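This report refers to the structure that appears directly beneath it.
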Amino acid sequence: LADPHPQKLLSELVSVQGVTGQEENILSAAARICDSLGLTPQVTPDGIILHVKGQKPGATLLFCSHLDTVPAGEGWTVAPYEATIRDDMLFGRGAVDAKASCAAIILTAYRLKKEGLLQGQWVGALSIGEEGNAPSLPRLLDKIGPVDAAVVGEPTQMDIATAQRGLMVLELETRGKQEHAARSKGVGAPLLLAQDISHLSQIPFPRYHNLLGRIRLTPTRINSGIADNLVPPTATAMVDVRTTPVYTNDEILSTVRAAVTAKVSVIADAWVPCEVSHEHPLVKTALTALTDAKLFASDAASDWTFLQKQNIPAIKLGPGNCLFSHTADERISISELTDGLDGYTQISRQYLRYANSRSLE
Ligand SMILES: [Zn+2]
């Protein structure tokens, strides 16, 4: 039997909509594809789990990615769900983020199953909810059980992310007296908030992460005001904090609290920063398998954060360019897709061989 073609598989995935929160169709389409390839998928409401078990027990390597996408939005020059091919590029919502990684995971499972694994276990997890507030990967991890190392499939052009910023969202709220603007003493809630915001970039966070650099605080939303001639009693700002592993969320929170007059509340803090040692066998295996790959640090949060919380060593790695993620005319080249599949397969074989030979010593 000839290997199923990666382009055909990715086209099938891209042709089915799977916007976060409405993933039933893409889940059943992916389950059908895995079934037809003889992969006996474990299909759950939280996603799909693929197992390739070796003849003997040993280390477990996980590959995970997400089937859900952001909505198509506007500005496309091709239909967003028709998997149009133009100049070796496959277009469509989710083509790069992250259905290419999902396709590569499915076909890696197919290849490993066909040739057989001597020892250990390979697991693939295709999750949902990643682009929203309730990613399903943690629930899939509960079903999967212990994992020794993991690869998070996101578009990195097959470069290897060994660190990733975390995300914390803070709300600043200032309060003042509601009064007539004509009689204001000039210290209303909006002005207090403006002073706090202008002060954010000067809050000292001296510790520097060797790959990610400094923590970044960016105000993203400001809310206040009732009428043109009325000083409002409250003003609020959302602050997006991109964290690094050298500060805990508690340290960041107490430092911000000490530096501003506003009341500071945590709106979101689930995305912890991630990093893996460059000496870890998974990093070394990936560097050997992917001869042109570079190590880098990633600014964008991903499902890696849930692996980090369980102390599962991981890297972020996948085919395609993240500059096309979430854009109109999202796309990936077919050669990137097939190279990604080859890379995933090589890493799977080499890591499991290495990890299991070590466990025998
Ligand atoms: Zn993604």
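Going through the structure tokens in order, the chains are called A, B, and so on, while each chain numbers its residues from 1 and the ligands are numbered from 1 in the order shown.
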
* **Test item, alpha helix (DSSP H) assignment across segment 11-207 of chain A, answer as a ChimeraX atom specification** => /A:11-14,24-36,100-115,137-144,189-199

* To do: Give the residue list for ligand 1 at 12 Å, counting only C-alpha atoms and all ligand atoms, as a VMD selection string, sorted by chain and then by residue number.
  => chain A and resid 20 64 to 70 93 to 102 126 to 132 135 152 to 156 300 to 304 316 to 326

* Contact residues around Gly47 of chain A with only C-alpha atoms at 10 Å, ignoring same-chain residues under 2 positions, as an MDAnalysis selection string -> chainID A and resid 23:24 26:28 30:31 41:45 49 66:68 125:129 136:137 139:140

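Around Ala79 of chain A, within 9 Å and counting only C-alpha atoms, the residues found are Thr84, Phe91, Gly92 and Asp329 of chain A, once anything fewer than 5 positions away on its own chain is removed.
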
* Mind listing the strand (DSSP E or B) residues of segment 5-165 of chain A, per DSSP on the backbone, as a ChimeraX atom specification? => /A:19,42-44,47-53,56-66,69,85-86,89-91,119-127,149-152,160-164

Please write the residues from the selection above to a file, keeping C-alpha atoms, as a PDB file, in the first residue's frame.
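In the end it all went to out21.pdb:
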```
ATOM      1  CA  VAL A  19     -13.924  27.105  14.573  1.00  0.00           C
ATOM      2  CA  GLN A  42      -9.544   6.808  20.648  1.00  0.00           C
ATOM      3  CA  VAL A  43     -12.256   9.389  19.929  1.00  0.00           C
ATOM      4  CA  THR A  44     -13.402  11.521  22.875  1.00  0.00           C
ATOM      5  CA  GLY A  47     -10.234  15.261  20.865  1.00  0.00           C
ATOM      6  CA  ILE A  48      -8.540  12.248  19.356  1.00  0.00           C
ATOM      7  CA  ILE A  49      -5.792  10.074  20.805  1.00  0.00           C
ATOM      8  CA  LEU A  50      -3.623   7.821  18.634  1.00  0.00           C
ATOM      9  CA  HIS A  51      -1.509   5.066  20.140  1.00  0.00           C
ATOM     10  CA  VAL A  52       1.349   3.174  18.567  1.00  0.00           C
ATOM     11  CA  LYS A  53       2.572   0.630  21.088  1.00  0.00           C
ATOM     12  CA  LYS A  56       8.003  -4.086  24.855  1.00  0.00           C
ATOM     13  CA  PRO A  57       7.091  -1.378  27.382  1.00  0.00           C
ATOM     14  CA  GLY A  58       9.307   1.697  27.603  1.00  0.00           C
ATOM     15  CA  ALA A  59       9.384   5.467  27.239  1.00  0.00           C
ATOM     16  CA  THR A  60       6.337   7.366  25.955  1.00  0.00           C
ATOM     17  CA  LEU A  61       6.706  10.160  23.393  1.00  0.00           C
ATOM     18  CA  LEU A  62       3.725  12.447  22.770  1.00  0.00           C
ATOM     19  CA  PHE A  63       2.995  14.609  19.726  1.00  0.00           C
ATOM     20  CA  CYS A  64       0.098  17.029  20.235  1.00  0.00           C
ATOM     21  CA  SER A  65      -1.579  19.711  18.182  1.00  0.00           C
ATOM     22  CA  HIS A  66      -5.017  21.287  17.794  1.00  0.00           C
ATOM     23  CA  THR A  69      -9.118  27.256  14.245  1.00  0.00           C
ATOM     24  CA  ILE A  85      -3.578  24.872  -4.339  1.00  0.00           C
ATOM     25  CA  ARG A  86      -1.671  27.703  -6.024  1.00  0.00           C
ATOM     26  CA  MET A  89       0.910  26.472  -1.625  1.00  0.00           C
ATOM     27  CA  LEU A  90      -2.181  25.033   0.049  1.00  0.00           C
ATOM     28  CA  PHE A  91      -4.566  27.804   1.167  1.00  0.00           C
ATOM     29  CA  GLN A 119       9.904  -0.674  22.457  1.00  0.00           C
ATOM     30  CA  GLY A 120       8.066   2.156  24.184  1.00  0.00           C
ATOM     31  CA  GLN A 121       4.993   4.009  23.118  1.00  0.00           C
ATOM     32  CA  TRP A 122       4.193   6.783  20.660  1.00  0.00           C
ATOM     33  CA  VAL A 123       1.057   8.845  21.322  1.00  0.00           C
ATOM     34  CA  GLY A 124      -0.604  11.472  19.143  1.00  0.00           C
ATOM     35  CA  ALA A 125      -3.165  13.896  20.607  1.00  0.00           C
ATOM     36  CA  LEU A 126      -5.372  16.139  18.448  1.00  0.00           C
ATOM     37  CA  SER A 127      -7.061  18.593  20.784  1.00  0.00           C
ATOM     38  CA  ALA A 149       8.636  13.919  26.491  1.00  0.00           C
ATOM     39  CA  ALA A 150       6.409  15.810  24.074  1.00  0.00           C
ATOM     40  CA  VAL A 151       6.406  17.762  20.821  1.00  0.00           C
ATOM     41  CA  VAL A 152       3.847  20.573  20.496  1.00  0.00           C
ATOM     42  CA  ILE A 160      12.883  24.095  17.516  1.00  0.00           C
ATOM     43  CA  ALA A 161      11.400  26.314  20.224  1.00  0.00           C
ATOM     44  CA  THR A 162      13.061  25.508  23.548  1.00  0.00           C
ATOM     45  CA  ALA A 163      11.440  28.347  25.516  1.00  0.00           C
ATOM     46  CA  GLN A 164       8.088  30.076  25.342  1.00  0.00           C
TER      47      GLN A 164
END
```

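Here atom CA of Ile332 of chain A is placed at a distance of 28.6 Å from atom CA of Leu141 of chain A.
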
* **Who sits within 8 Å of Val16 of chain A, only C-alpha atoms, same chain under 6 positions skipped, as a ChimeraX atom specification** => /A:25-26,29,81

Same residues, N, CA, C and O atoms, output as a PDB file, in the first residue's frame:
```
ATOM      1  N   ASN A  25     -17.762  18.757  13.631  1.00  0.00           N
ATOM      2  CA  ASN A  25     -17.496  18.271  12.268  1.00  0.00           C
ATOM      3  C   ASN A  25     -16.029  17.928  12.050  1.00  0.00           C
ATOM      4  O   ASN A  25     -15.712  16.899  11.459  1.00  0.00           O
ATOM      5  N   ILE A  26     -15.140  18.793  12.531  1.00  0.00           N
ATOM      6  CA  ILE A  26     -13.721  18.517  12.293  1.00  0.00           C
ATOM      7  C   ILE A  26     -13.277  17.308  13.121  1.00  0.00           C
ATOM      8  O   ILE A  26     -12.466  16.499  12.673  1.00  0.00           O
ATOM      9  N   ALA A  29     -14.529  14.286  11.221  1.00  0.00           N
ATOM     10  CA  ALA A  29     -13.756  14.109   9.978  1.00  0.00           C
ATOM     11  C   ALA A  29     -12.373  13.532  10.284  1.00  0.00           C
ATOM     12  O   ALA A  29     -11.920  12.593   9.614  1.00  0.00           O
ATOM     13  N   TYR A  81     -12.320  27.554   2.845  1.00  0.00           N
ATOM     14  CA  TYR A  81     -12.483  26.136   3.215  1.00  0.00           C
ATOM     15  C   TYR A  81     -12.488  25.224   1.990  1.00  0.00           C
ATOM     16  O   TYR A  81     -13.197  24.229   1.952  1.00  0.00           O
TER      17      TYR A  81
END
```

* Tell me which protein, DNA and RNA residues are within 10 Å of segment 203-206 of chain A, counting only C-alpha atoms, leaving out same-chain ones fewer than 6 positions away, and put them as a list in words. =>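 Listing them by chain and then by number gives Arg214, Ile215, Arg216, Leu217, Val246, Tyr247, Glu251, Ile252, Thr255, Val256, Ala258, Ala259 and Val260 of chain A.
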
* Asked: Using only C-alpha atoms, which of A:Gly18, A:Met158, A:Leu118, A:Gln310 sits nearest Thr291 of chain A?
  -> A:Met158
